[in-house]
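Since the structure comes first, as structure tokens, the remarks are kept for the end.
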Amino acid sequence: MKRSLRGVTIKVCGLTDPDEALAAVKAGADAIGLVLHPTSPRAVMPAQARRVSDVVHAMSPSRVRVVAVVVDAEPRAARELAAQIGADAIQLCGDQQPEDWVGFPLPILRRIGVEPSAEAELLAWRPVAALMVLDHPSGPGGSGRPVDHAIASRLCQRAPCLLAGGLGPDDVAAAIARVRPRGVDASSKLEAEPGRKHLGRVTAFIGAARPALARAHGRFGAFGGCFAPETLVPILTELDAAWRQLREDSVFRAELDQLLGDFAGRPTPLWPARRLSEVLGCEVLLKREDLLHTGAHKLNNTLGQVLLAKRLGKRRILAETGAGQHGVATATACAQLGLECVVSMGAVDAARQRANVLRMQLLGARVEVVHAGQRTLKDAVNAAMRAWIADPLGSHYVLGSALGPHPFPSMVADLQQVIGEEARAQSLAAGGLPDLAVACVGGGSNAIGLFRGFLTDDVELVGVEAGGTGPEQGAEHAARFASGAPGILHGCHTFLLQDDDGQVLPTHSISAGLDYPAVGPEHAALRASGRARYTWATDEDALAGFDLLARREGILPALESSHALGWMLRARDELRGRRVVVNLSGRGDKDLDLLQDRHGELERLRERSGALP
Amino acid sequence: MTRPSAHGTVFLEARLAQLRADGRRGLAPYITAGDGGLDTTLAVLRALDDAGADVVELGLPFSDPVADGPQLQAAAERSLALGTNLRDVAEVVRRLRSGDDDAPPSDLPIVVMTYANLLSRRGWGSAIGLLAAAGCDGVLVADLPLEEAVVLRIACAETGLAPLFLVAPTTGADRLAQLAAASRGFLYAIGRVGTTGVTTRFDEDTQDYLGRVAEAAGARAVGVGFGIAGPDDVSAALRHADLAIVGSALVEHLHRAVASAPHPSRAPALAARAATTFLEHLSEGLNP
Ligand SMILES: Cc1ncc(COP(=O)(O)O)c(C=O)c1O
């Protein structure tokens with residue numbers, strides 16, 4: 001099968017050794033280039049290339065692409081060579097003509113020398129080449145000399161391009177910010193000696209390039225982006241610039257830290273839940289975001305964004321809410337910082353989270369109940385976006401999860417990262433890193449906040465989506481990874497529950513906060529790279545998880561957070577003997593009405609799950 | 001890809017150049033495809049052509065149209081309830097182009113307006129190819145800014161379909177120049193900060209902004225849309241622009257006609273008549 005180059009953003013070129021190739025893949029490379037041009041200092045013989053390609057495919061059967069780099073090869077020779085070494089794509093660097101390559105069986109990368117006349121060549125290759133590699137115009141490529149950034153930036157507007165030309169760990173981030181390419185390609189600056197990669201440099205290069213690419217486009221691998229109506233685009237650009245600046249600003253940071261500490265109650269504890277651990281047969285550490293002021297992690301985000309909005313001179317704050325926790329947290333930040341607050345909430349959610357509607361109103365916010373569509377979180381986001389489009393200059397939209405158009409997914413994750421940073425330090429102080437970190441995933445903000453603390457550790461990351469009445473296609477749920485497909489909603493490209501035409505499907509979850517058809521784009525990328533895995537818990541699993549925590553630990557968790565516990569109950573065998581940090585993202589007071597209706601079920605579920613009372 | 005018809009960028013731009021050469025300004029009605037059924041859509045397109053529409057914006061409805069106000073959201077919901085999809089829209093345009101027992105072939109310029117997910121779901125190349133092959137002239141994607149439009153522009157370049165871009169009052173001068181250079185057919189100026197369907201006041205600030213857009217567009221035609229409802233709005237909108245785009249007001253008017261049909265089979269004829277009278281009414285704004 002022809003495997004596309006769509007997700008390829010970081011290519012490491014000129015590998016000659018299987019172990020080095022594996023290390024590059026492990027460090028996060030999306031593509032490995034094998035140079036088959038005999039006079040290159042990085043040339044490999046076909047037999048050795050085959051060995052490299054085989055180990056790469058064995059380790060990463062679906063994600064990583066092996067690219068055969070040739071100079072003057074003709075289509076037939078190139079096809080044979082690619083087959084011989086098991087390449088997924090071919091990179092052409094010589095005097096080939098695009099017409100000759102129409103219908104070539106593998107995706108093509110085309111080297112383009114960056115010079116004023118390059119646009120014509122790029123346009124000629126565009127119908128046949130899936131990716132352009134922008135390199136210095138001297139020689140057939142790999143000269144290691146930097147390219148003209150102004151020209152390269154224009155070329156990147158005309159076709160998907162990888163920026164090359166002597167990029168290394170120190171300059172890749174700045175080059176990405178200026179040129180905004182789809183991705184990058186590096187070789188010589190990552191070497192210890194010609195043909196041998198320096199693994200520290202490869203890791204540092206990928207570590208610098210990934211976040212820079214994410215920041216340049218709000219792209220996380222193939223996901224993310226900024227799919228917003230034009231009216232908002234200049235506003236989002238300004239927001240992005242403001243956030244980049246303020247996140248490094250010590251005065252802003254100090255003000256936010258004081259709010260998070262003395263107002264909101266950070267750090268939140270990491271509780272060794274001994275009685276729960278006994279039942280589950282593993283060691284459970286609960287990250288107590290339920291103890292944060294207003295009862296959920298949402299305040300970490302709203303304090304940061306409302307403070308930012310104030311700096312930008314906005315007078316009014318808009319927000320959407322599902323469970324009402326984000327609405328309450330926004331109303332709270334607005335009351336504290338003195339801004340007007342309008343919260344959109346679907347009519348179904350306003351009914352099932354009545355107490356939170358009143359809380360928002362008591363905090364001085366106006367609650368706009370939305371009667372369109374399915375009347376849940378998705379429709380509240382639509383309404384809040386429209387309100388923002390109507391007043392983009394005077395208002396700031398405080399998006400409540402790691403979702404939406406760039407810069408929201410990055411910014412919200414930056415603000416929630418404190419959860420993971422604390423949890424990491426606390427777990428180390430309590431005896432060592434966990435084996436797993438688990439969180440429920442609605443839009444994904446509490447989960448990404450936790451995961452970011454452990455991304456570079458040997459800690460398994462597990463996200464739990466809402467399985468509703470069952471995660472199968474056609475059943476009622478919000479398990480995007482179980483039966484969704486990549487799509488574009490509310491400003492970003494991510495996993496989405498949609499029909500064959502691309503219309504967004506209705507969702508269901510017992511918890512309003514997880515009842516949403518799309519998932520944050522960083523999670524889509526973490527899943528694609530295999531760094532995190534995603535599973536689901538049904539409504540009943542969540543009720544069982546709720547019941548367990550209430551009776552064994554004296555904590556009433558939010559139904560959202562109960563999904564993480566419900567999954568653990570179901571996955572007890574797998575977890576036995578392991579150390580697990582669970583994000584207890586919120587407390588359950590808001591869910592009392594709903595639990596009153598389903599109280600009778602709890603005992604039955606307790607018996608079924610076999611958990612001790 | 002070979003094209004079955006002469007439609008696309010070249011055709012659309014030639015038509016708009018002719019409009020200018022004749023010293024005229026024009027009307028570009030927007031309708032939601034499939035609202036009232038596809039036969040209604042076809043009948044309305046034919047009526048708009050007969051009544052002198054210069055371009056039609058044909059909306060392919062999406063479940064979550066964030067750039068649209070309540071009227072066009074409601075129209076999208078009605079159309080989706082009948083199952084309208086991309087293939088249906090292509091098929092309506094194909095029928096319009098080929099003609100049948102009821103009407104001769106029509107070369108009314110058509111720009112499809114939609115949201116990114118409906119094209120990305122099918123695959124950009126395949127979706128654009130389908131619209132081009134059916135005889136559409138252009139495509140405009142409400143939630144696809146220039147920076148995300150690389151693949152769309154490639155697909156358009158390969159099929160000859162015109163990619164149109166929007167500018168807004170919030171768009172700065174540099175960006176305006178980029179969008180004017182990238183847009184084919186015409187440049188779509190959003191008349192007001194906000195979603196569709198709310199009245200635009202053509203005050204001095206708005207006219208200044210539209211003047212800047214016209215200047216940036218140069219030889220490229222400019223269409224102004226969002227909140228244009230009657231002949232006075234049309235005449236104000238056309239002070240600096242070539243085309244006045246009329247959406248929500250027309251869609252509501254057509255919906256009332258469809259809803260008044262004593263039997264569904266009568267809906268296409270009633271909607272067509274309503275389209276004709278509405279366009280005639282708007283045309284008063286062309287000759288103030
Ligand atoms: C307590 C709690 N946890 C989790 C969520 C889900 O959101 P996210 O995935 O962004 O953390 C919500 C949303 O309302 C919530 O209130």
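Chains: A, B, ... in order of the structure tokens. Residues: from 1 per chain. Ligands: from 1, in order shown.
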Discussion item. Using only C-alpha atoms and a cut-off of 10 Å, which residues of chain B sit close to chain A? Please list them as a ChimeraX atom specification.
Written reply: /B:61-70,73-74,77,80,83-87,115-122,141-151,153-155,157-158,165-172,175,190,192-196,198
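Based on only C-alpha atoms and all ligand atoms, the protein and nucleic acid residues found within 6 Å of ligand 1 are, by chain and then by number, A:Ala296, A:Gly322, A:Ala323, A:Gln325, A:His326, A:Ser401, A:Val441, A:Gly442, A:Gly443, A:Gly444, A:Ser445, A:Asn446, A:Ala447, A:Gly513, A:Leu514, A:Ala558, A:Glu560, A:Ser561, A:Ser585, A:Gly586.
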Could you take the residues named above and write them with N, CA and C atoms, as an mmCIF file, in the first residue's frame?
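Result saved to selection-v1.cif:
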data_model
loop_
_atom_site.group_PDB
_atom_site.id
_atom_site.type_symbol
_atom_site.label_atom_id
_atom_site.label_comp_id
_atom_site.auth_asym_id
_atom_site.auth_seq_id
_atom_site.Cartn_x
_atom_site.Cartn_y
_atom_site.Cartn_z
ATOM 1 N N ALA A 296 -12.064 22.245 40.320
ATOM 2 C CA ALA A 296 -11.551 21.526 39.153
ATOM 3 C C ALA A 296 -10.305 22.224 38.639
ATOM 4 N N GLY A 322 -19.345 23.090 29.414
ATOM 5 C CA GLY A 322 -20.130 21.869 29.302
ATOM 6 C C GLY A 322 -20.637 21.506 30.687
ATOM 7 N N ALA A 323 -19.716 21.014 31.517
ATOM 8 C CA ALA A 323 -20.091 20.644 32.876
ATOM 9 C C ALA A 323 -20.374 21.870 33.734
ATOM 10 N N GLN A 325 -17.962 23.606 34.944
ATOM 11 C CA GLN A 325 -16.743 23.861 35.726
ATOM 12 C C GLN A 325 -15.901 24.954 35.088
ATOM 13 N N HIS A 326 -15.773 24.896 33.762
ATOM 14 C CA HIS A 326 -14.996 25.932 33.088
ATOM 15 C C HIS A 326 -15.716 27.278 33.172
ATOM 16 N N SER A 401 -10.562 24.226 26.918
ATOM 17 C CA SER A 401 -9.782 22.999 26.872
ATOM 18 C C SER A 401 -8.653 23.168 25.863
ATOM 19 N N VAL A 441 -10.156 12.295 29.289
ATOM 20 C CA VAL A 441 -9.938 13.201 28.163
ATOM 21 C C VAL A 441 -11.270 13.674 27.603
ATOM 22 N N GLY A 442 -11.582 14.946 27.853
ATOM 23 C CA GLY A 442 -12.709 15.578 27.171
ATOM 24 C C GLY A 442 -12.111 16.273 25.966
ATOM 25 N N GLY A 443 -11.882 17.579 26.093
ATOM 26 C CA GLY A 443 -11.068 18.258 25.087
ATOM 27 C C GLY A 443 -9.613 17.888 25.284
ATOM 28 N N GLY A 444 -9.267 17.578 26.531
ATOM 29 C CA GLY A 444 -7.923 17.071 26.784
ATOM 30 C C GLY A 444 -7.041 17.948 27.643
ATOM 31 N N SER A 445 -7.608 18.964 28.338
ATOM 32 C CA SER A 445 -6.714 19.884 29.050
ATOM 33 C C SER A 445 -6.145 19.305 30.334
ATOM 34 N N ASN A 446 -6.963 18.582 31.116
ATOM 35 C CA ASN A 446 -6.380 18.043 32.353
ATOM 36 C C ASN A 446 -5.387 16.938 32.018
ATOM 37 N N ALA A 447 -5.686 16.180 30.949
ATOM 38 C CA ALA A 447 -4.785 15.089 30.569
ATOM 39 C C ALA A 447 -3.462 15.639 30.040
ATOM 40 N N GLY A 513 -18.773 17.232 30.723
ATOM 41 C CA GLY A 513 -17.443 17.728 30.383
ATOM 42 C C GLY A 513 -16.702 16.864 29.370
ATOM 43 N N LEU A 514 -17.153 15.639 29.152
ATOM 44 C CA LEU A 514 -16.500 14.768 28.168
ATOM 45 C C LEU A 514 -17.358 14.602 26.915
ATOM 46 N N ALA A 558 -15.639 14.228 40.389
ATOM 47 C CA ALA A 558 -16.480 14.617 39.257
ATOM 48 C C ALA A 558 -16.709 13.387 38.381
ATOM 49 N N GLU A 560 -16.522 13.269 35.281
ATOM 50 C CA GLU A 560 -15.453 13.258 34.269
ATOM 51 C C GLU A 560 -14.271 12.458 34.806
ATOM 52 N N SER A 561 -13.766 12.876 35.965
ATOM 53 C CA SER A 561 -12.602 12.201 36.557
ATOM 54 C C SER A 561 -12.907 10.738 36.858
ATOM 55 N N SER A 585 -9.401 15.261 38.313
ATOM 56 C CA SER A 585 -9.510 16.602 37.730
ATOM 57 C C SER A 585 -10.540 17.493 38.416
ATOM 58 N N GLY A 586 -11.535 16.890 39.085
ATOM 59 C CA GLY A 586 -12.527 17.749 39.732
ATOM 60 C C GLY A 586 -13.352 17.010 40.763
#
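The list of residues with at least one atom within 7 Å of segment 168-173 of chain A, based on only C-alpha atoms and without residues fewer than 5 positions apart in the same chain, reads A:Ala186, A:Lys189, A:Leu190, A:Arg201, A:Ala204, A:Phe205, A:Ala208, A:Ala209, A:Ala212.
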Go ahead and dump the residues you just picked, N, CA and C atoms, as an mmCIF file, in the first residue's frame.
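Output contents, as saved in result-v3.cif:
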data_model
loop_
_atom_site.group_PDB
_atom_site.id
_atom_site.type_symbol
_atom_site.label_atom_id
_atom_site.label_comp_id
_atom_site.auth_asym_id
_atom_site.auth_seq_id
_atom_site.Cartn_x
_atom_site.Cartn_y
_atom_site.Cartn_z
ATOM 1 N N ALA A 186 17.302 17.362 8.378
ATOM 2 C CA ALA A 186 18.666 17.717 8.772
ATOM 3 C C ALA A 186 19.574 16.517 8.642
ATOM 4 N N LYS A 189 24.688 18.619 10.292
ATOM 5 C CA LYS A 189 24.903 19.233 11.605
ATOM 6 C C LYS A 189 24.565 18.287 12.762
ATOM 7 N N LEU A 190 24.058 17.103 12.423
ATOM 8 C CA LEU A 190 23.734 16.141 13.483
ATOM 9 C C LEU A 190 24.800 15.047 13.574
ATOM 10 N N ARG A 201 22.936 15.091 19.523
ATOM 11 C CA ARG A 201 22.501 16.178 18.645
ATOM 12 C C ARG A 201 21.184 15.851 17.948
ATOM 13 N N ALA A 204 18.546 16.457 20.525
ATOM 14 C CA ALA A 204 18.381 17.889 20.789
ATOM 15 C C ALA A 204 17.694 18.574 19.609
ATOM 16 N N PHE A 205 18.043 18.129 18.391
ATOM 17 C CA PHE A 205 17.443 18.726 17.193
ATOM 18 C C PHE A 205 15.927 18.488 17.186
ATOM 19 N N ALA A 208 14.122 20.446 19.789
ATOM 20 C CA ALA A 208 13.946 21.871 19.492
ATOM 21 C C ALA A 208 12.955 22.075 18.345
ATOM 22 N N ALA A 209 12.978 21.168 17.365
ATOM 23 C CA ALA A 209 12.144 21.362 16.173
ATOM 24 C C ALA A 209 10.656 21.139 16.467
ATOM 25 N N ALA A 212 8.942 24.043 18.104
ATOM 26 C CA ALA A 212 8.997 25.210 17.208
ATOM 27 C C ALA A 212 7.987 25.051 16.080
#
Worksheet entry | Between atom CA of Leu303 of chain A and atom CA of Arg215 of chain A - distance in Å to one decimal | 21.8 Å
Discussion item. One decimal, in Å: what's the spacing between atom CA of Gly285 of chain B and atom CA of Arg212 of chain B?
Written reply: 22.4 Å
Worksheet item: When distances are computed from only C-alpha atoms, which of B:Val234, B:Val89, B:Ala17, B:Leu60 shows the smallest separation from Met113 of chain B?
Response: B:Leu60
Practice prompt. Identify all residues of segment 71-209 of chain B in helix (DSSP H, G or I) (DSSP on the backbone) and supply them as a PyMOL selection string.
Written response: chain B and resi 71-81+86-98+116-122+124-134+146-148+150-159+173-182+204-209
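Summary of the local environment: counting only C-alpha atoms, residues at most 10 Å from Gly135 of chain B, other than itself and those fewer than 4 positions away along its chain, are Arg3, Pro4, Ser5, Ala6, His7, Gly8, Ala90, Glu91, Val92, Val93, Arg94, Arg95, Leu96, Arg97, Ser98, Asp107, Leu108, Pro109, Ile110, Leu130, Leu131 and Leu161 of chain B.
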Practice prompt. Excluding Ala51 of chain B and any residue of its chain fewer than 4 positions from it, enumerate the residues within 7 Å of it, using only C-alpha atoms, and give them as a list in words.
Written response: Ala47, Thr276, Leu279 and Glu280 of chain B
For the residues selected in the previous step, produce a file with all heavy atoms as a short mmCIF file (atom, residue, chain, number, x, y, z; two decimals), in the first residue's frame.
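result_13.cif, freshly written:
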data_model
loop_
_atom_site.label_atom_id
_atom_site.label_comp_id
_atom_site.auth_asym_id
_atom_site.auth_seq_id
_atom_site.Cartn_x
_atom_site.Cartn_y
_atom_site.Cartn_z
N ALA B 47 -33.97 30.43 -11.90
CA ALA B 47 -34.69 31.70 -11.76
C ALA B 47 -33.71 32.85 -11.54
O ALA B 47 -33.87 33.94 -12.11
CB ALA B 47 -35.68 31.61 -10.60
N THR B 276 -37.15 35.23 -8.12
CA THR B 276 -37.24 36.24 -9.18
C THR B 276 -37.67 37.59 -8.60
O THR B 276 -37.04 38.61 -8.86
CB THR B 276 -38.27 35.79 -10.24
OG1 THR B 276 -37.89 34.49 -10.67
CG2 THR B 276 -38.30 36.75 -11.41
N LEU B 279 -34.92 39.17 -6.44
CA LEU B 279 -33.80 39.72 -7.20
C LEU B 279 -34.20 41.00 -7.92
O LEU B 279 -33.42 41.96 -8.00
CB LEU B 279 -33.25 38.69 -8.20
CG LEU B 279 -31.75 38.84 -8.37
CD1 LEU B 279 -31.01 38.43 -7.11
CD2 LEU B 279 -31.23 38.04 -9.56
N GLU B 280 -35.43 41.01 -8.41
CA GLU B 280 -35.90 42.24 -9.07
C GLU B 280 -35.91 43.40 -8.08
O GLU B 280 -35.49 44.51 -8.40
CB GLU B 280 -37.30 42.03 -9.67
CG GLU B 280 -37.21 41.27 -11.00
CD GLU B 280 -38.56 40.75 -11.48
OE1 GLU B 280 -39.57 40.94 -10.76
OE2 GLU B 280 -38.57 40.15 -12.57
#
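The smallest atom-to-atom distance between Thr277 of chain B and any of B:Gly52, B:Gly138, B:Gly34, B:Gly59, using only C-alpha atoms, is found for B:Gly52.
Contact shell of Glu121 of chain A at 12 Å (only C-alpha atoms; same-chain neighbours under 5 positions omitted): Asp95, Gln96, Gln97, Pro98, Arg110, Arg111, Ile112, Gly113, Val114, Glu115, Pro116, Arg126, Pro127, Val128, Ala129, Met132, Leu134, Leu155, Arg158 and Ala159 of chain A.
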